[in-house]
file protein.pdb (PDB, C-alpha atoms)
ATOM      1  CA  MET A   1     245.598 281.688 176.684
ATOM      2  CA  ASP A   2     245.487 285.320 175.641
ATOM      3  CA  ASP A   3     243.451 287.197 178.249
ATOM      4  CA  GLN A   4     244.072 290.702 176.982
ATOM      5  CA  ARG A   5     240.951 292.174 175.400
ATOM      6  CA  LEU A   6     241.187 293.918 172.068
ATOM      7  CA  ASP A   7     240.148 297.540 172.181
ATOM      8  CA  LEU A   8     237.144 297.541 169.869
ATOM      9  CA  SER A   9     235.586 300.668 171.316
ATOM     10  CA  SER A  10     235.910 302.524 168.015
ATOM     11  CA  LEU A  11     233.344 300.064 166.618
ATOM     12  CA  ASP A  12     230.919 300.757 169.445
ATOM     13  CA  ARG A  13     227.719 302.417 168.255
ATOM     14  CA  HIS A  14     226.071 302.270 171.661
ATOM     15  CA  ALA A  15     228.650 303.988 173.814
ATOM     16  CA  ASP A  16     226.199 306.522 175.214
ATOM     17  CA  PRO A  17     224.100 304.730 177.893
ATOM     18  CA  ALA A  18     221.294 307.311 177.840
ATOM     19  CA  ARG A  19     220.952 307.040 174.062
ATOM     20  CA  TYR A  20     221.024 303.262 174.325
ATOM     21  CA  ARG A  21     218.225 303.214 176.908
ATOM     22  CA  GLN A  22     216.217 305.529 174.693
ATOM     23  CA  ARG A  23     216.630 303.216 171.722
ATOM     24  CA  VAL A  24     215.694 300.191 173.777
ATOM     25  CA  SER A  25     212.515 301.885 175.004
ATOM     26  CA  ALA A  26     211.600 302.965 171.488
ATOM     27  CA  LEU A  27     212.204 299.456 170.207
ATOM     28  CA  ALA A  28     210.064 297.847 172.908
ATOM     29  CA  ALA A  29     207.290 300.349 172.307
ATOM     30  CA  ALA A  30     207.428 299.750 168.559
ATOM     31  CA  ALA A  31     207.311 295.997 169.128
ATOM     32  CA  LEU A  32     204.162 296.355 171.213
ATOM     33  CA  ALA A  33     202.477 298.757 168.814
ATOM     34  CA  PRO A  34     200.021 297.072 166.473
ATOM     35  CA  ALA A  35     201.782 296.086 163.275
ATOM     36  CA  PRO A  36     200.125 296.848 159.927
ATOM     37  CA  HIS A  37     197.759 294.101 158.854
ATOM     38  CA  PRO A  38     199.624 291.549 156.724
ATOM     39  CA  LEU A  39     196.871 291.599 154.102
ATOM     40  CA  LEU A  40     197.208 295.350 153.755
ATOM     41  CA  THR A  41     200.982 295.032 153.439
ATOM     42  CA  GLN A  42     200.542 292.387 150.742
ATOM     43  CA  PHE A  43     198.053 294.585 148.930
ATOM     44  CA  VAL A  44     200.425 297.548 148.965
ATOM     45  CA  THR A  45     203.338 295.411 147.779
ATOM     46  CA  TRP A  46     201.459 293.724 144.944
ATOM     47  CA  GLY A  47     199.618 296.936 144.107
ATOM     48  CA  ARG A  48     202.930 298.554 143.282
ATOM     49  CA  VAL A  49     203.918 295.642 141.051
ATOM     50  CA  ALA A  50     200.545 295.735 139.306
ATOM     51  CA  ALA A  51     200.856 299.484 138.745
ATOM     52  CA  ALA A  52     204.336 299.030 137.251
ATOM     53  CA  VAL A  53     203.158 296.251 134.925
ATOM     54  CA  GLY A  54     200.139 298.366 133.902
ATOM     55  CA  ALA A  55     202.401 301.315 133.102
ATOM     56  CA  VAL A  56     204.648 299.143 130.912
ATOM     57  CA  LEU A  57     201.635 297.704 129.068
ATOM     58  CA  ALA A  58     200.224 301.178 128.505
ATOM     59  CA  VAL A  59     203.514 302.381 127.030
ATOM     60  CA  VAL A  60     203.774 299.316 124.772
ATOM     61  CA  THR A  61     200.165 299.695 123.644
ATOM     62  CA  TRP A  62     200.825 303.328 122.820
ATOM     63  CA  ALA A  63     204.180 302.798 121.117
ATOM     64  CA  VAL A  64     203.623 299.723 118.947
ATOM     65  CA  PRO A  65     201.128 301.259 116.459
ATOM     66  CA  ARG A  66     203.436 304.243 115.979
ATOM     67  CA  THR A  67     206.366 302.093 114.997
ATOM     68  CA  THR A  68     204.497 300.387 112.126
ATOM     69  CA  THR A  69     205.584 301.953 108.829
ATOM     70  CA  PRO A  70     202.927 303.221 106.456
ATOM     71  CA  GLY A  71     202.999 302.170 102.816
ATOM     72  CA  SER A  72     202.144 298.801 101.419
ATOM     73  CA  PRO A  73     199.840 296.836 103.660
ATOM     74  CA  PRO A  74     201.987 294.898 106.062
ATOM     75  CA  VAL A  75     201.482 291.182 105.955
ATOM     76  CA  ALA A  76     201.819 289.164 109.065
ATOM     77  CA  SER A  77     200.369 286.052 110.495
ATOM     78  CA  SER A  78     197.846 286.288 113.284
ATOM     79  CA  ARG A  79     200.341 284.601 115.581
ATOM     80  CA  GLN A  80     202.814 287.476 115.282
ATOM     81  CA  VAL A  81     200.594 290.601 115.325
ATOM     82  CA  ASP A  82     197.571 291.537 117.339
ATOM     83  CA  PRO A  83     194.549 291.714 114.952
ATOM     84  CA  VAL A  84     193.595 295.146 116.254
ATOM     85  CA  PHE A  85     196.994 296.585 115.437
ATOM     86  CA  GLN A  86     197.087 294.908 112.056
ATOM     87  CA  VAL A  87     193.708 296.238 110.954
ATOM     88  CA  ALA A  88     194.525 299.668 112.402
ATOM     89  CA  ALA A  89     197.773 299.748 110.424
ATOM     90  CA  TRP A  90     195.937 298.967 107.196
ATOM     91  CA  ALA A  91     193.341 301.607 107.970
ATOM     92  CA  ARG A  92     195.978 304.275 108.724
ATOM     93  CA  ALA A  93     197.890 303.461 105.560
ATOM     94  CA  GLY A  94     194.650 303.712 103.574
ATOM     95  CA  ALA A  95     195.480 300.433 101.942
ATOM     96  CA  ILE A  96     193.045 297.722 101.082
ATOM     97  CA  PRO A  97     194.515 294.350 101.878
ATOM     98  CA  GLY A  98     194.450 291.771  99.150
ATOM     99  CA  ASP A  99     192.872 288.362  99.459
ATOM    100  CA  ALA A 100     196.215 286.720 100.031
ATOM    101  CA  ASN A 101     196.964 289.153 102.851
ATOM    102  CA  LEU A 102     193.624 288.551 104.486
ATOM    103  CA  LEU A 103     194.011 284.782 104.211
ATOM    104  CA  ALA A 104     197.519 284.945 105.593
ATOM    105  CA  PHE A 105     196.317 287.204 108.363
ATOM    106  CA  ALA A 106     193.448 284.869 109.189
ATOM    107  CA  GLY A 107     195.900 282.034 109.431
ATOM    108  CA  VAL A 108     194.373 280.019 106.600
ATOM    109  CA  SER A 109     197.789 279.088 105.347
ATOM    110  CA  ASP A 110     198.481 277.470 108.737
ATOM    111  CA  ALA A 111     195.530 275.188 108.246
ATOM    112  CA  ARG A 112     197.083 273.585 105.210
TER     113      ARG A 112
ATOM    114  CA  MET B 113     223.325 287.786 185.812
ATOM    115  CA  ASN B 114     221.997 285.199 188.290
ATOM    116  CA  ALA B 115     219.273 287.443 189.717
ATOM    117  CA  GLU B 116     218.028 288.403 186.296
ATOM    118  CA  PRO B 117     215.158 286.516 184.699
ATOM    119  CA  SER B 118     216.063 283.972 182.065
ATOM    120  CA  ASP B 119     215.424 284.510 178.376
ATOM    121  CA  GLY B 120     212.704 281.896 178.534
ATOM    122  CA  ASP B 121     210.837 283.749 181.287
ATOM    123  CA  LEU B 122     211.172 287.072 179.500
ATOM    124  CA  VAL B 123     209.949 285.662 176.200
ATOM    125  CA  VAL B 124     206.916 284.065 177.846
ATOM    126  CA  ARG B 125     206.040 287.330 179.594
ATOM    127  CA  ALA B 126     206.705 289.446 176.512
ATOM    128  CA  ARG B 127     204.392 287.224 174.470
ATOM    129  CA  ARG B 128     201.603 288.263 176.820
ATOM    130  CA  GLY B 129     202.358 291.907 176.068
ATOM    131  CA  ASP B 130     204.413 292.619 179.176
ATOM    132  CA  GLU B 131     206.265 295.830 178.278
ATOM    133  CA  PRO B 132     209.030 295.591 180.912
ATOM    134  CA  ALA B 133     209.815 292.069 179.695
ATOM    135  CA  MET B 134     209.918 293.299 176.113
ATOM    136  CA  GLU B 135     212.221 296.119 177.141
ATOM    137  CA  ALA B 136     214.450 293.756 179.098
ATOM    138  CA  LEU B 137     214.872 291.549 176.032
ATOM    139  CA  ALA B 138     215.629 294.561 173.861
ATOM    140  CA  HIS B 139     218.112 295.857 176.422
ATOM    141  CA  ARG B 140     219.815 292.493 176.669
ATOM    142  CA  TYR B 141     220.101 291.846 172.953
ATOM    143  CA  LEU B 142     220.308 295.108 171.013
ATOM    144  CA  ARG B 143     224.057 295.423 171.489
ATOM    145  CA  ALA B 144     224.658 291.729 170.898
ATOM    146  CA  SER B 145     222.573 291.805 167.717
ATOM    147  CA  TYR B 146     224.698 294.691 166.558
ATOM    148  CA  ALA B 147     227.854 292.654 167.178
ATOM    149  CA  VAL B 148     226.484 289.739 165.169
ATOM    150  CA  ALA B 149     225.379 292.019 162.322
ATOM    151  CA  LEU B 150     228.752 293.740 162.357
ATOM    152  CA  SER B 151     230.505 290.393 162.142
ATOM    153  CA  VAL B 152     228.708 289.774 158.848
ATOM    154  CA  LEU B 153     228.569 293.279 157.377
ATOM    155  CA  ARG B 154     231.761 294.886 158.741
ATOM    156  CA  HIS B 155     230.009 298.211 158.373
ATOM    157  CA  PRO B 156     228.921 299.821 161.665
ATOM    158  CA  ALA B 157     226.102 302.000 160.352
ATOM    159  CA  ASP B 158     224.519 299.205 158.328
ATOM    160  CA  ALA B 159     225.039 296.758 161.183
ATOM    161  CA  GLU B 160     223.164 299.096 163.494
ATOM    162  CA  ASP B 161     220.215 299.323 161.090
ATOM    163  CA  VAL B 162     220.085 295.592 160.483
ATOM    164  CA  SER B 163     220.332 294.716 164.172
ATOM    165  CA  GLN B 164     217.486 297.057 165.075
ATOM    166  CA  GLU B 165     215.246 295.770 162.297
ATOM    167  CA  ALA B 166     215.967 292.152 163.173
ATOM    168  CA  LEU B 167     215.365 292.675 166.871
ATOM    169  CA  LEU B 168     212.142 294.567 166.260
ATOM    170  CA  THR B 169     210.856 291.827 163.969
ATOM    171  CA  ALA B 170     211.864 289.151 166.467
ATOM    172  CA  LEU B 171     210.071 290.924 169.305
ATOM    173  CA  ARG B 172     206.954 291.268 167.168
ATOM    174  CA  CYS B 173     207.045 287.607 166.188
ATOM    175  CA  LEU B 174     207.875 286.027 169.530
ATOM    176  CA  ASP B 175     205.189 283.415 168.950
ATOM    177  CA  GLN B 176     207.379 281.973 166.216
ATOM    178  CA  CYS B 177     210.225 281.318 168.653
ATOM    179  CA  ARG B 178     209.703 277.602 169.271
ATOM    180  CA  ASP B 179     212.057 277.349 172.234
ATOM    181  CA  PRO B 180     211.988 280.527 174.363
ATOM    182  CA  ALA B 181     215.111 279.403 176.217
ATOM    183  CA  ARG B 182     216.981 279.535 172.911
ATOM    184  CA  PHE B 183     215.800 283.039 172.073
ATOM    185  CA  ALA B 184     219.357 284.314 171.520
ATOM    186  CA  ALA B 185     220.202 281.623 168.969
ATOM    187  CA  TRP B 186     216.906 282.234 167.164
ATOM    188  CA  LEU B 187     217.429 285.985 167.131
ATOM    189  CA  PHE B 188     221.034 285.768 165.938
ATOM    190  CA  GLN B 189     220.002 283.486 163.104
ATOM    191  CA  SER B 190     217.581 286.154 161.968
ATOM    192  CA  VAL B 191     220.222 288.879 162.305
ATOM    193  CA  ARG B 192     222.682 286.880 160.184
ATOM    194  CA  HIS B 193     220.038 286.225 157.560
ATOM    195  CA  ARG B 194     219.144 289.898 157.289
ATOM    196  CA  ALA B 195     222.772 290.934 157.188
ATOM    197  CA  LEU B 196     223.517 288.503 154.369
ATOM    198  CA  LYS B 197     220.524 289.782 152.440
ATOM    199  CA  GLN B 198     221.834 293.292 152.940
ATOM    200  CA  ILE B 199     225.191 292.303 151.465
ATOM    201  CA  THR B 200     223.538 290.811 148.424
ATOM    202  CA  HIS B 201     221.469 293.885 147.782
ATOM    203  CA  ARG B 202     223.884 296.658 148.478
ATOM    204  CA  ARG B 203     227.334 295.205 147.842
ATOM    205  CA  ILE B 204     228.549 296.398 151.186
ATOM    206  CA  ARG B 205     232.166 295.469 150.619
ATOM    207  CA  ALA B 206     232.576 298.010 147.858
ATOM    208  CA  ARG B 207     231.338 300.754 150.117
ATOM    209  CA  HIS B 208     233.697 300.290 153.055
ATOM    210  CA  ALA B 209     235.823 303.183 151.908
ATOM    211  CA  ASP B 210     232.800 305.475 151.742
ATOM    212  CA  GLU B 211     231.937 305.256 155.394
ATOM    213  CA  VAL B 212     233.380 308.588 156.386
ATOM    214  CA  GLU B 213     231.796 310.416 153.464
ATOM    215  CA  ARG B 214     228.412 308.869 154.214
ATOM    216  CA  GLY B 215     228.542 310.525 157.612
ATOM    217  CA  ALA B 216     227.756 307.336 159.517
ATOM    218  CA  VAL B 217     229.354 308.874 162.575
ATOM    219  CA  VAL B 218     230.426 312.464 162.789
ATOM    220  CA  GLU B 219     233.788 312.456 164.453
ATOM    221  CA  ALA B 220     236.424 315.064 164.854
ATOM    222  CA  ASP B 221     238.961 312.443 165.853
ATOM    223  CA  GLY B 222     240.542 311.223 162.637
ATOM    224  CA  GLU B 223     242.658 308.648 164.442
ATOM    225  CA  ARG B 224     239.578 306.929 165.699
ATOM    226  CA  VAL B 225     238.244 306.641 162.151
ATOM    227  CA  VAL B 226     241.543 305.204 160.982
ATOM    228  CA  LEU B 227     241.577 302.713 163.839
ATOM    229  CA  ARG B 228     238.025 301.676 163.081
ATOM    230  CA  HIS B 229     238.895 301.106 159.454
ATOM    231  CA  ARG B 230     241.871 298.969 160.446
ATOM    232  CA  LEU B 231     239.761 296.943 162.863
ATOM    233  CA  LEU B 232     237.136 296.340 160.194
ATOM    234  CA  THR B 233     239.827 295.246 157.767
ATOM    235  CA  ALA B 234     241.296 292.946 160.395
ATOM    236  CA  LEU B 235     237.867 291.419 161.001
ATOM    237  CA  GLU B 236     237.767 290.358 157.368
ATOM    238  CA  LEU B 237     240.630 287.976 158.065
ATOM    239  CA  LEU B 238     238.477 285.948 160.445
ATOM    240  CA  THR B 239     235.810 283.329 159.911
ATOM    241  CA  PRO B 240     232.209 284.382 160.615
ATOM    242  CA  THR B 241     232.138 282.510 163.937
ATOM    243  CA  GLN B 242     235.471 283.978 165.026
ATOM    244  CA  ARG B 243     234.144 287.436 164.264
ATOM    245  CA  GLU B 244     231.002 286.854 166.276
ATOM    246  CA  VAL B 245     232.956 285.506 169.234
ATOM    247  CA  VAL B 246     235.512 288.291 169.324
ATOM    248  CA  LEU B 247     232.864 291.003 168.957
ATOM    249  CA  LEU B 248     230.536 289.528 171.553
ATOM    250  CA  HIS B 249     233.399 289.013 173.982
ATOM    251  CA  ASP B 250     235.633 292.022 173.502
ATOM    252  CA  LEU B 251     233.078 294.584 172.340
ATOM    253  CA  GLU B 252     229.970 293.544 174.234
ATOM    254  CA  GLY B 253     231.611 291.934 177.244
ATOM    255  CA  TRP B 254     229.829 288.587 177.022
ATOM    256  CA  THR B 255     231.269 285.601 178.866
ATOM    257  CA  HIS B 256     232.178 282.335 177.180
ATOM    258  CA  PRO B 257     229.201 280.453 178.673
ATOM    259  CA  GLU B 258     226.872 283.145 177.312
ATOM    260  CA  ILE B 259     228.515 283.062 173.893
ATOM    261  CA  ALA B 260     228.473 279.266 173.813
ATOM    262  CA  THR B 261     224.722 279.211 174.496
ATOM    263  CA  ALA B 262     223.852 281.898 171.981
ATOM    264  CA  LEU B 263     226.065 280.613 169.179
ATOM    265  CA  GLU B 264     225.395 276.967 170.015
ATOM    266  CA  VAL B 265     229.067 276.029 170.279
ATOM    267  CA  SER B 266     230.997 274.588 173.211
ATOM    268  CA  GLU B 267     232.751 276.873 175.673
ATOM    269  CA  VAL B 268     236.051 275.349 174.635
ATOM    270  CA  MET B 269     235.365 276.251 171.020
ATOM    271  CA  SER B 270     234.356 279.747 172.055
ATOM    272  CA  ARG B 271     237.681 280.213 173.847
ATOM    273  CA  GLN B 272     239.545 278.734 170.907
ATOM    274  CA  HIS B 273     237.817 281.050 168.441
ATOM    275  CA  LEU B 274     238.591 284.051 170.620
ATOM    276  CA  PHE B 275     242.232 283.090 170.925
ATOM    277  CA  VAL B 276     242.703 282.651 167.188
ATOM    278  CA  ALA B 277     240.733 285.786 166.362
ATOM    279  CA  ARG B 278     242.671 287.981 168.761
ATOM    280  CA  ARG B 279     245.999 286.680 167.525
ATOM    281  CA  ALA B 280     245.090 287.289 163.869
ATOM    282  CA  MET B 281     243.755 290.752 164.578
ATOM    283  CA  ARG B 282     246.737 291.782 166.706
ATOM    284  CA  GLU B 283     249.086 290.597 164.014
ATOM    285  CA  HIS B 284     247.211 292.596 161.404
ATOM    286  CA  LEU B 285     247.037 295.708 163.570
ATOM    287  CA  ALA B 286     250.762 295.485 164.324
ATOM    288  CA  HIS B 287     251.680 295.050 160.671
ATOM    289  CA  PRO B 288     249.029 296.646 158.524
ATOM    290  CA  SER B 289     249.257 295.798 154.845
ATOM    291  CA  THR B 290     250.205 298.442 152.284
ATOM    292  CA  GLU B 291     246.627 298.612 151.005
ATOM    293  CA  ASP B 292     245.367 299.131 154.531
ATOM    294  CA  SER B 293     247.811 301.964 155.144
ATOM    295  CA  GLU B 294     246.823 303.631 151.884
ATOM    296  CA  ASN B 295     243.145 303.416 152.727
ATOM    297  CA  GLY B 296     243.703 304.576 156.253
TER     298      GLY B 296
END
call {"tool": "encode", "arguments": {"input": "protein.pdb", "output": "structure tokens"}}
result
Amino acid sequence: MDDQRLDLSSLDRHADPARYRQRVSALAAAALAPAPHPLLTQFVTWGRVAAAVGAVLAVVTWAVPRTTTPGSPPVASSRQVDPVFQVAAWARAGAIPGDANLLAFAGVSDAR
Amino acid sequence: MNAEPSDGDLVVRARRGDEPAMEALAHRYLRASYAVALSVLRHPADAEDVSQEALLTALRCLDQCRDPARFAAWLFQSVRHRALKQITHRRIRARHADEVERGAVVEADGERVVLRHRLLTALELLTPTQREVVLLHDLEGWTHPEIATALEVSEVMSRQHLFVARRAMREHLAHPSTEDSENG
């Protein structure tokens, strides 16, 4: 068998004994220190996600009405467009929707 | 190591908040955790971070260690898991060449950096278990019985892994590939 050790000292990150002891002490102290409450950690984690989702929704809510083109009253089914946006678009365009538009918007055609 | 308390004793004491026991466990396993992390990551700075995080978490969650006598195996499993997660997230392999620029270790000795790079490249030729064995034995000075217990392999297998790993690494170090020379 090969009994000659490889010299791996250049990979050693703990060559300094004093520094190593210091790290060990810090680690042990950190392990004994009270950890943050798991519920709090969860709250912080999910709070960030909720804030990100809220920001995206706010941007979408702000941007969608601006992208609707003015002119003839847009016709869309209630499944595709939020009623608030649809009515707001008609109001901004100053257009009065016809009966067919209103029926289509109310989804009457779907009932057939 | 005969006079020293066993892992089982230390874990039981540390669970009760015994600071010296906690420190003894940290002292015994910080270097070894680094070796295991390095065997997965092949990046010393990242391996150091991962090993510290894993050991800290393990010491905080000692109650979850079902068999205190097998603390090392339990800890190393956690180190490997964290290291693999690190690879997935950061694509460590692509950053090997950046180590010097990242300032992981400030060294005036360029030869040492070159040697380290060649050793890390040579480690890539080995299987994960071979890497762990050679690092625990030749870097951390563990014995085969200690390695066998921690890695849950037989002593014979530990010796076999070491033999194969050393031979492959020596061969690579003696005849570095063109790519290795260019990088170095």
call {"tool": "interface_residues", "arguments": {"input": "protein.pdb", "of": "chain B", "to": "chain A", "cutoff": "9 Å", "atoms": "all atoms listed in the file", "output": "ChimeraX atom specification"}}
result
/B:129-139,142-143,146-147,150,156-157,160,164,167-173,217,224-225,227-228,231-232,246-247,249-252,271-272,274-275,278-279,281-282
call {"tool": "atom_distance", "arguments": {"input": "protein.pdb", "atom1": "atom CA of A:Arg48", "atom2": "atom CA of B:His201"}}
result
19.6 Å
call {"tool": "atom_distance", "arguments": {"input": "protein.pdb", "atom1": "atom CA of B:Ala262", "atom2": "atom CA of B:Glu283"}}
result
27.9 Å
call {"tool": "atom_distance", "arguments": {"input": "protein.pdb", "atom1": "atom CA of B:Arg125", "atom2": "atom CA of B:Asp175"}}
result
11.4 Å
call {"tool": "residues_around", "arguments": {"input": "protein.pdb", "residues": "B:Ala260", "least_positions_apart": "5", "cutoff": "10 Å", "atoms": "all atoms listed in the file", "output": "VMD selection string"}}
result
chain B and resid 185 245 254 to 255 265 to 271
call {"tool": "closest_residue", "arguments": {"input": "protein.pdb", "among": "A:Phe85, A:Phe105, A:Trp90, A:Trp46", "to": "A:Thr61", "atoms": "all atoms listed in the file"}}
result
A:Phe85
call {"tool": "resolve_selection", "arguments": {"input": "protein.pdb", "expression": "the PyMOL selection byres ((chain B and resi 193) around 12)", "output": "tab-separated table (two decimals) with C-alpha atoms, keeping the file's coordinate frame"}}
result
chain	number	residue	atom	x	y	z
B	145	SER	CA	222.57	291.80	167.72
B	148	VAL	CA	226.48	289.74	165.17
B	149	ALA	CA	225.38	292.02	162.32
B	152	VAL	CA	228.71	289.77	158.85
B	153	LEU	CA	228.57	293.28	157.38
B	162	VAL	CA	220.08	295.59	160.48
B	163	SER	CA	220.33	294.72	164.17
B	165	GLU	CA	215.25	295.77	162.30
B	166	ALA	CA	215.97	292.15	163.17
B	186	TRP	CA	216.91	282.23	167.16
B	187	LEU	CA	217.43	285.98	167.13
B	188	PHE	CA	221.03	285.77	165.94
B	189	GLN	CA	220.00	283.49	163.10
B	190	SER	CA	217.58	286.15	161.97
B	191	VAL	CA	220.22	288.88	162.30
B	192	ARG	CA	222.68	286.88	160.18
B	194	ARG	CA	219.14	289.90	157.29
B	195	ALA	CA	222.77	290.93	157.19
B	196	LEU	CA	223.52	288.50	154.37
B	197	LYS	CA	220.52	289.78	152.44
B	198	GLN	CA	221.83	293.29	152.94
B	199	ILE	CA	225.19	292.30	151.46
B	200	THR	CA	223.54	290.81	148.42
call {"tool": "resolve_selection", "arguments": {"input": "protein.pdb", "expression": "the PyMOL selection byres ((chain B and resi 234) around 8)", "output": "PyMOL selection string"}}
result
chain B and resi 230-233+235-238+280-281+284-285
call {"tool": "residues_near_point", "arguments": {"input": "protein.pdb", "point": "(222.7, 280.5, 173.2)", "cutoff": "8 Å", "atoms": "only C-alpha atoms", "output": "list in words"}}
result
Arg182, Phe183, Ala184, Ala185, Glu258, Ile259, Ala260, Thr261, Ala262, Leu263 and Glu264 of chain B
